[in-house]
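So the structure is just underneath, and the comments pick up after that.
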Amino acid sequence: MAIVTVVVASYNRKHLLEQTLQSLTRQSYTNFEVIIVDHGSTDQTEEVFHAFSSTLSLSYYKIERDDAFAAGVPKDYGVRKARTPLIIFIDTGAIVPPGYIEAHVTFHQQHPNAYGIGLQHGYNTPEDFTERPQEQTAEAFEQAYQKLKQRNLQDQRSGFDLEQSGFPWFFAWGANLSFPRAAYLAVGGFDLSIKGWGFEDAELSYKMYKYGLHLAFVENGWMIELPQVRSSMRDRGDSLQKNMLYCYSRHKSLAMEALNIIRMLVWKAIGAYRTLPNANMAVLSEANLGNKMRLFSENLYTQQAQEAFHYLTELGQEQTTRPHLPSTLSAKFAGPTLLIGGHPEDAEWCNYVTLLDEHVVSTSSIWSCCGVLLPCADQSLGTVIISDIWKKLNKSFEHPLGIPPVSLLELLLSEIQRTSKHAVFLDTPSVRTGLTVDALKNLCKRYTFSVEVLSSDELEVMKGQQIQIASCSKKR
């Protein structure tokens with residue numbers, strides 16, 4: 001009985017699918033099954049199944065495809081049709097070396113409580129890229145692999161240290177990924193409401209990581225992705241940003257927030273650059289922007305997201321030593337109320353509280369995020385209360401296009417304007433360093449929401465009222 005199933009989702013990629021299946025016929029490890037999920041193709045994809053059904057243990061399913069494409073749908077369908085304990089995802093257009101299946105099986109035998117990342121070389125290669133195996137032999141693959149390294153077309157994750165990352169799950173891409181089927185089912189699989197291109201695989205990876213699975217790169221489990229037609233980088237970028245924000249609103253995770261903060265600042269920079277009177281629009285052409293954003297992704301994006309994550313985590317650790325806020329605050333402001341930078345106990349008097357702690361599993365009222373990005377609908381909050389944490393949010397990050405950077409506090413203020421009618425900033429003796437109240441008020445002048453600053457004296461009065469209320473309750 002087979003122990004691993006390769007799930008290949010395909011849509012109008014007949015010739016690429018042929019190349020992928022051809023590479024699977026040359027595997028050193030042969031005890032595996034393949035499931036093709038045809039996601040509404042209009043070409044002759046089914047003919048490919050018949051051509052390989054005698055050389056592979058192959059199943060074929062065709063499912064409907066709606067206008068709101070969801071990349072997770074066909075892969076999820078394939079996993080649920082499989083009956084083996086291990087699953088490997090390979091994208092159509094991937095060709096794998098002869099030891100590929102054996103490498104993934106060996107990985108899971110050695111790491112039963114893990115999921116494996118296979119590197120994806122040649123991704124986004126130009127259409128004239130020909131350094132791929134013309135004959136699918138071990139020697140041909142090794143030659144192609146060496147040429148990939150020479151042409152800097154290796155997977156950008158090569159050599160990356162997952163152990164040092166605050167969000168290793170982000171690097172598990174669904175084009176080449178293996179995992180225990182039981183774990184996939186336990187976390188609910190893909191979120192099938194994620195539409196369009198991007199992040200559905202990272203969201204799945206996040207859930208498996210939080211479920212307790214370790215992740216690591218699979219040695220010799222790499223593949224080469226053949227050139228293929230894609231939507232524009234701008235369309236993919238817009239879709240990815242939408243999906244990242246959606247997943248953040250679902251999980252309210254500090255790590256997802258850090259990734260979204262940097263991504264949003266990049267997109268704001270691009271938008272700002274487009275409006276400059278002397279902007280060189282050739283810089284934003286598909287090719288040039290692609291190269292710039294690829295360079296930014298490799299050298300700065302994850303580095304800056306990591307920096308933001310660690311910075312916010314440290315602020316959260318500082319927050320745990322500060323005194324609790326008086327519960328009488330709840331009677332002073334219109335709800336729903338959100339407290340940014342509080343304690344779990346604060347959820348007793350406010351509707352929502354952020355903790356800046358990725359170790360916390362978010363609930364409906366207690367969130368692990370910071371709240372620089374507010375995972376809330378437009379104008380859905382009555383009051384946003386910001387602890388002294390605002391004084392430390394003057395940090396900003398470099399942009400790839402030379403646009404003046406935006407600080408975390410400026411980003412928060414724009415989010416408050418979007419989601420709320422009133423903002424309250426607390427100014428207590430516990431934090432005396434960082435931005436001043438005058439600097440805050442100057443920043444707030446450009447926003448239309450109502451702003452209030454509560455001093456330490458006012459908070460002390462509220463604490464006295466809280467003690468008095470508690471004393472009266474005991475007497476009764």
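Ligands are numbered from 1 in the order shown, chains are lettered A, B, ... in the order of the structure tokens, and residues start at 1 in each chain.
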| query | Near Ile63 in chain A, within 7 Å and counting only C-alpha atoms, which residues show up once chain neighbours fewer than 5 positions away are dropped, as a ChimeraX atom specification? | reply | /A:38-40
Selection above as a file: C-alpha atoms, as a PDB file, in the first residue's frame:
ATOM      1  CA  ASP A  38      -8.500  19.486 -13.028  1.00  0.00           C
ATOM      2  CA  HIS A  39      -9.928  22.809 -11.908  1.00  0.00           C
ATOM      3  CA  GLY A  40     -12.288  23.465 -14.795  1.00  0.00           C
TER       4      GLY A  40
END
| request: May I have the residues within 9 Å of range 157-165 of chain A as a list in words, using only C-alpha atoms and disregarding those fewer than 3 positions away in the same chain? | output: Leu119, Gln120, Gln154, Pro168, Trp169, Phe171, Leu215, Ala216, Phe217, Glu298 and Gln306 of chain A
Please build the interface table for range 316-389 of chain A against range 414-428 of chain A with a cut-off of 8 Å, listing for each qualifying residue the nearest atom pair and the distance in Å to one decimal; count only C-alpha atoms, order rows by chain and increasing number, and write it as CSV.
residue,atom,partner,partner_atom,distance
A:Val372,CA,A:Glu415,CA,7.4
A:Leu373,CA,A:Glu415,CA,6.3
A:Leu374,CA,A:Glu415,CA,6.2
A:Cys376,CA,A:Thr419,CA,6.6
A:Ala377,CA,A:Thr419,CA,6.3
A:Asp378,CA,A:Thr419,CA,4.4
A:Gln379,CA,A:Thr419,CA,4.0
A:Ser380,CA,A:Thr419,CA,5.6
A:Leu381,CA,A:Ser420,CA,4.8
A:Gly382,CA,A:Ser420,CA,5.6
A:Thr383,CA,A:His422,CA,4.8
A:Val384,CA,A:Ala423,CA,4.9
A:Ile385,CA,A:Val424,CA,4.7
A:Ile386,CA,A:Phe425,CA,4.9
A:Ser387,CA,A:Leu426,CA,5.1
A:Asp388,CA,A:Leu426,CA,5.6
Residues from last step as file, C-alpha atoms, as a PDB file, in the first residue's frame:
ATOM      1  CA  VAL A 372      -1.020  49.240  14.341  1.00  0.00           C
ATOM      2  CA  LEU A 373      -3.169  47.671  11.649  1.00  0.00           C
ATOM      3  CA  LEU A 374      -6.689  47.349  12.991  1.00  0.00           C
ATOM      4  CA  CYS A 376     -11.774  45.775  12.011  1.00  0.00           C
ATOM      5  CA  ALA A 377     -14.318  46.944   9.458  1.00  0.00           C
ATOM      6  CA  ASP A 378     -14.615  50.613   8.525  1.00  0.00           C
ATOM      7  CA  GLN A 379     -16.204  52.730  11.280  1.00  0.00           C
ATOM      8  CA  SER A 380     -16.945  49.643  13.376  1.00  0.00           C
ATOM      9  CA  LEU A 381     -15.437  50.973  16.618  1.00  0.00           C
ATOM     10  CA  GLY A 382     -16.724  53.645  18.947  1.00  0.00           C
ATOM     11  CA  THR A 383     -13.458  54.368  20.745  1.00  0.00           C
ATOM     12  CA  VAL A 384      -9.848  53.250  20.341  1.00  0.00           C
ATOM     13  CA  ILE A 385      -7.822  53.577  23.549  1.00  0.00           C
ATOM     14  CA  ILE A 386      -4.052  53.502  23.136  1.00  0.00           C
ATOM     15  CA  SER A 387      -1.837  52.822  26.151  1.00  0.00           C
ATOM     16  CA  ASP A 388       1.538  54.549  26.504  1.00  0.00           C
TER      17      ASP A 388
END
Per residue of range 51-97 of chain A within 12 Å of range 233-244 of chain A, note the shortest atom pair and the distance in Å to one decimal, counting only C-alpha atoms, and order the rows by chain and increasing residue number, as a Markdown table.
| residue | atom | partner | partner_atom | distance |
| --- | --- | --- | --- | --- |
| A:Ala68 | CA | A:Ser239 | CA | 11.5 |
| A:Phe69 | CA | A:Ser239 | CA | 11.2 |
| A:Ala70 | CA | A:Asn243 | CA | 10.9 |
| A:Ala71 | CA | A:Asn243 | CA | 11.7 |
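Distances here use only C-alpha atoms; by that measure, the residue among A:Phe170, A:Thr321, A:Pro344, A:Leu338 closest to Leu259 in chain A is A:Phe170.
The list of residues with at least one atom within 8 Å of Gly116 in chain A, based on only C-alpha atoms and without residues fewer than 4 positions apart in the same chain, reads A:His104, A:Phe107, A:His108, A:Ala172, A:Leu177, A:Ser178, A:Phe179, A:Leu215, A:Ala216, A:Phe217, A:Val218.
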Next, the residues of the selection above should be written as a PDB file, in the first residue's frame with C-alpha atoms.
ATOM      1  CA  HIS A 104      10.199  13.692   1.010  1.00  0.00           C
ATOM      2  CA  PHE A 107      12.131  13.446   5.640  1.00  0.00           C
ATOM      3  CA  HIS A 108       8.817  12.383   7.182  1.00  0.00           C
ATOM      4  CA  ALA A 172       6.096  27.152   3.293  1.00  0.00           C
ATOM      5  CA  LEU A 177       5.160  21.114   0.197  1.00  0.00           C
ATOM      6  CA  SER A 178       4.702  17.810   2.044  1.00  0.00           C
ATOM      7  CA  PHE A 179       2.861  17.058   5.291  1.00  0.00           C
ATOM      8  CA  LEU A 215       8.822  22.647   9.662  1.00  0.00           C
ATOM      9  CA  ALA A 216      12.095  22.344   7.807  1.00  0.00           C
ATOM     10  CA  PHE A 217      13.537  22.243   4.307  1.00  0.00           C
ATOM     11  CA  VAL A 218      13.564  18.809   2.673  1.00  0.00           C
TER      12      VAL A 218
END
| task | Can you list, as a ChimeraX atom specification, all residues belonging to range 300-408 of chain A that DSSP tags as strand (DSSP E or B)? | result | /A:337-340,352-354,366-367,381-386,396,407
| query | Can you list, as a ChimeraX atom specification, every residue of range 72-262 of chain A that DSSP puts in helix (DSSP H, G or I)? | reply | /A:72-81,100-110,138-150,162-164,168-171,181-186,200-211,233-251,254-262
| said: Using Å and a single decimal, report how far CA of Tyr206 in chain A sits from CA of Asn176 in chain A. | reply: 16.0 Å
Closest atom pairs, range 77-120 of chain A residues within 10 Å of range 8-27 of chain A, only C-alpha atoms, as JSON lines:
{"residue": "A:Tyr77", "atom": "CA", "partner": "A:Ala9", "partner_atom": "CA", "distance": 9.3}
{"residue": "A:Gly78", "atom": "CA", "partner": "A:Val8", "partner_atom": "CA", "distance": 7.9}
{"residue": "A:Ile88", "atom": "CA", "partner": "A:Val8", "partner_atom": "CA", "distance": 8.7}
{"residue": "A:Phe89", "atom": "CA", "partner": "A:Val8", "partner_atom": "CA", "distance": 6.3}
{"residue": "A:Ile90", "atom": "CA", "partner": "A:Val8", "partner_atom": "CA", "distance": 5.4}
{"residue": "A:Asp91", "atom": "CA", "partner": "A:Val8", "partner_atom": "CA", "distance": 5.8}
{"residue": "A:Thr92", "atom": "CA", "partner": "A:Leu17", "partner_atom": "CA", "distance": 5.3}
{"residue": "A:Gly93", "atom": "CA", "partner": "A:Leu16", "partner_atom": "CA", "distance": 4.5}
{"residue": "A:Ala94", "atom": "CA", "partner": "A:Thr20", "partner_atom": "CA", "distance": 5.4}
{"residue": "A:Ile95", "atom": "CA", "partner": "A:Thr20", "partner_atom": "CA", "distance": 4.9}
{"residue": "A:Val96", "atom": "CA", "partner": "A:Ser23", "partner_atom": "CA", "distance": 5.7}
{"residue": "A:Pro97", "atom": "CA", "partner": "A:Ser23", "partner_atom": "CA", "distance": 6.9}
{"residue": "A:Pro98", "atom": "CA", "partner": "A:Gln27", "partner_atom": "CA", "distance": 4.4}
{"residue": "A:Gly99", "atom": "CA", "partner": "A:Gln27", "partner_atom": "CA", "distance": 6.0}
{"residue": "A:Tyr100", "atom": "CA", "partner": "A:Gln27", "partner_atom": "CA", "distance": 7.0}
{"residue": "A:Ile101", "atom": "CA", "partner": "A:Gln27", "partner_atom": "CA", "distance": 6.7}
{"residue": "A:Glu102", "atom": "CA", "partner": "A:Gln27", "partner_atom": "CA", "distance": 7.8}
Dump as a PDB file, in the first residue's frame, selection limited to N, CA and C atoms:
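Generated output (again_3.pdb):
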ATOM      1  N   TYR A  77      -9.492  19.407  -2.428  1.00  0.00           N
ATOM      2  CA  TYR A  77     -10.249  18.291  -2.988  1.00  0.00           C
ATOM      3  C   TYR A  77      -9.348  17.059  -3.119  1.00  0.00           C
ATOM      4  N   GLY A  78      -8.122  17.279  -3.594  1.00  0.00           N
ATOM      5  CA  GLY A  78      -7.199  16.165  -3.772  1.00  0.00           C
ATOM      6  C   GLY A  78      -6.816  15.517  -2.459  1.00  0.00           C
ATOM      7  N   ILE A  88       1.991  15.205  -0.778  1.00  0.00           N
ATOM      8  CA  ILE A  88       2.923  16.168  -1.374  1.00  0.00           C
ATOM      9  C   ILE A  88       2.150  17.027  -2.372  1.00  0.00           C
ATOM     10  N   PHE A  89       2.285  18.339  -2.250  1.00  0.00           N
ATOM     11  CA  PHE A  89       1.748  19.253  -3.255  1.00  0.00           C
ATOM     12  C   PHE A  89       2.840  19.583  -4.265  1.00  0.00           C
ATOM     13  N   ILE A  90       2.533  19.424  -5.551  1.00  0.00           N
ATOM     14  CA  ILE A  90       3.396  19.907  -6.626  1.00  0.00           C
ATOM     15  C   ILE A  90       2.532  20.718  -7.579  1.00  0.00           C
ATOM     16  N   ASP A  91       2.987  21.901  -7.944  1.00  0.00           N
ATOM     17  CA  ASP A  91       2.259  22.702  -8.928  1.00  0.00           C
ATOM     18  C   ASP A  91       2.480  22.157 -10.330  1.00  0.00           C
ATOM     19  N   THR A  92       1.496  22.333 -11.185  1.00  0.00           N
ATOM     20  CA  THR A  92       1.673  22.013 -12.601  1.00  0.00           C
ATOM     21  C   THR A  92       2.793  22.874 -13.176  1.00  0.00           C
ATOM     22  N   GLY A  93       3.668  22.238 -13.930  1.00  0.00           N
ATOM     23  CA  GLY A  93       4.818  22.953 -14.476  1.00  0.00           C
ATOM     24  C   GLY A  93       6.068  22.725 -13.675  1.00  0.00           C
ATOM     25  N   ALA A  94       5.955  21.955 -12.574  1.00  0.00           N
ATOM     26  CA  ALA A  94       7.141  21.593 -11.802  1.00  0.00           C
ATOM     27  C   ALA A  94       7.708  20.289 -12.343  1.00  0.00           C
ATOM     28  N   ILE A  95       9.003  20.256 -12.535  1.00  0.00           N
ATOM     29  CA  ILE A  95       9.666  18.993 -12.864  1.00  0.00           C
ATOM     30  C   ILE A  95      10.629  18.675 -11.734  1.00  0.00           C
ATOM     31  N   VAL A  96      10.622  17.426 -11.311  1.00  0.00           N
ATOM     32  CA  VAL A  96      11.345  17.044 -10.110  1.00  0.00           C
ATOM     33  C   VAL A  96      12.426  16.026 -10.445  1.00  0.00           C
ATOM     34  N   PRO A  97      13.543  16.048  -9.705  1.00  0.00           N
ATOM     35  CA  PRO A  97      14.626  15.097  -9.957  1.00  0.00           C
ATOM     36  C   PRO A  97      14.225  13.681  -9.544  1.00  0.00           C
ATOM     37  N   PRO A  98      14.955  12.671  -9.985  1.00  0.00           N
ATOM     38  CA  PRO A  98      14.579  11.275  -9.723  1.00  0.00           C
ATOM     39  C   PRO A  98      14.495  10.909  -8.242  1.00  0.00           C
ATOM     40  N   GLY A  99      15.210  11.598  -7.376  1.00  0.00           N
ATOM     41  CA  GLY A  99      15.163  11.263  -5.954  1.00  0.00           C
ATOM     42  C   GLY A  99      14.171  12.081  -5.153  1.00  0.00           C
ATOM     43  N   TYR A 100      13.276  12.771  -5.854  1.00  0.00           N
ATOM     44  CA  TYR A 100      12.368  13.722  -5.196  1.00  0.00           C
ATOM     45  C   TYR A 100      11.432  13.048  -4.186  1.00  0.00           C
ATOM     46  N   ILE A 101      10.663  12.054  -4.634  1.00  0.00           N
ATOM     47  CA  ILE A 101       9.706  11.396  -3.741  1.00  0.00           C
ATOM     48  C   ILE A 101      10.437  10.740  -2.570  1.00  0.00           C
ATOM     49  N   GLU A 102      11.543  10.096  -2.861  1.00  0.00           N
ATOM     50  CA  GLU A 102      12.313   9.437  -1.808  1.00  0.00           C
ATOM     51  C   GLU A 102      12.782  10.447  -0.759  1.00  0.00           C
TER      52      GLU A 102
END
| A:Ala305, A:Ile261, A:Val266, A:Ala144 ranked by distance to Leu226 in chain A, top pick (using only C-alpha atoms) |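 That would be A:Ala144, the residue with the smallest distance to Leu226 in chain A.
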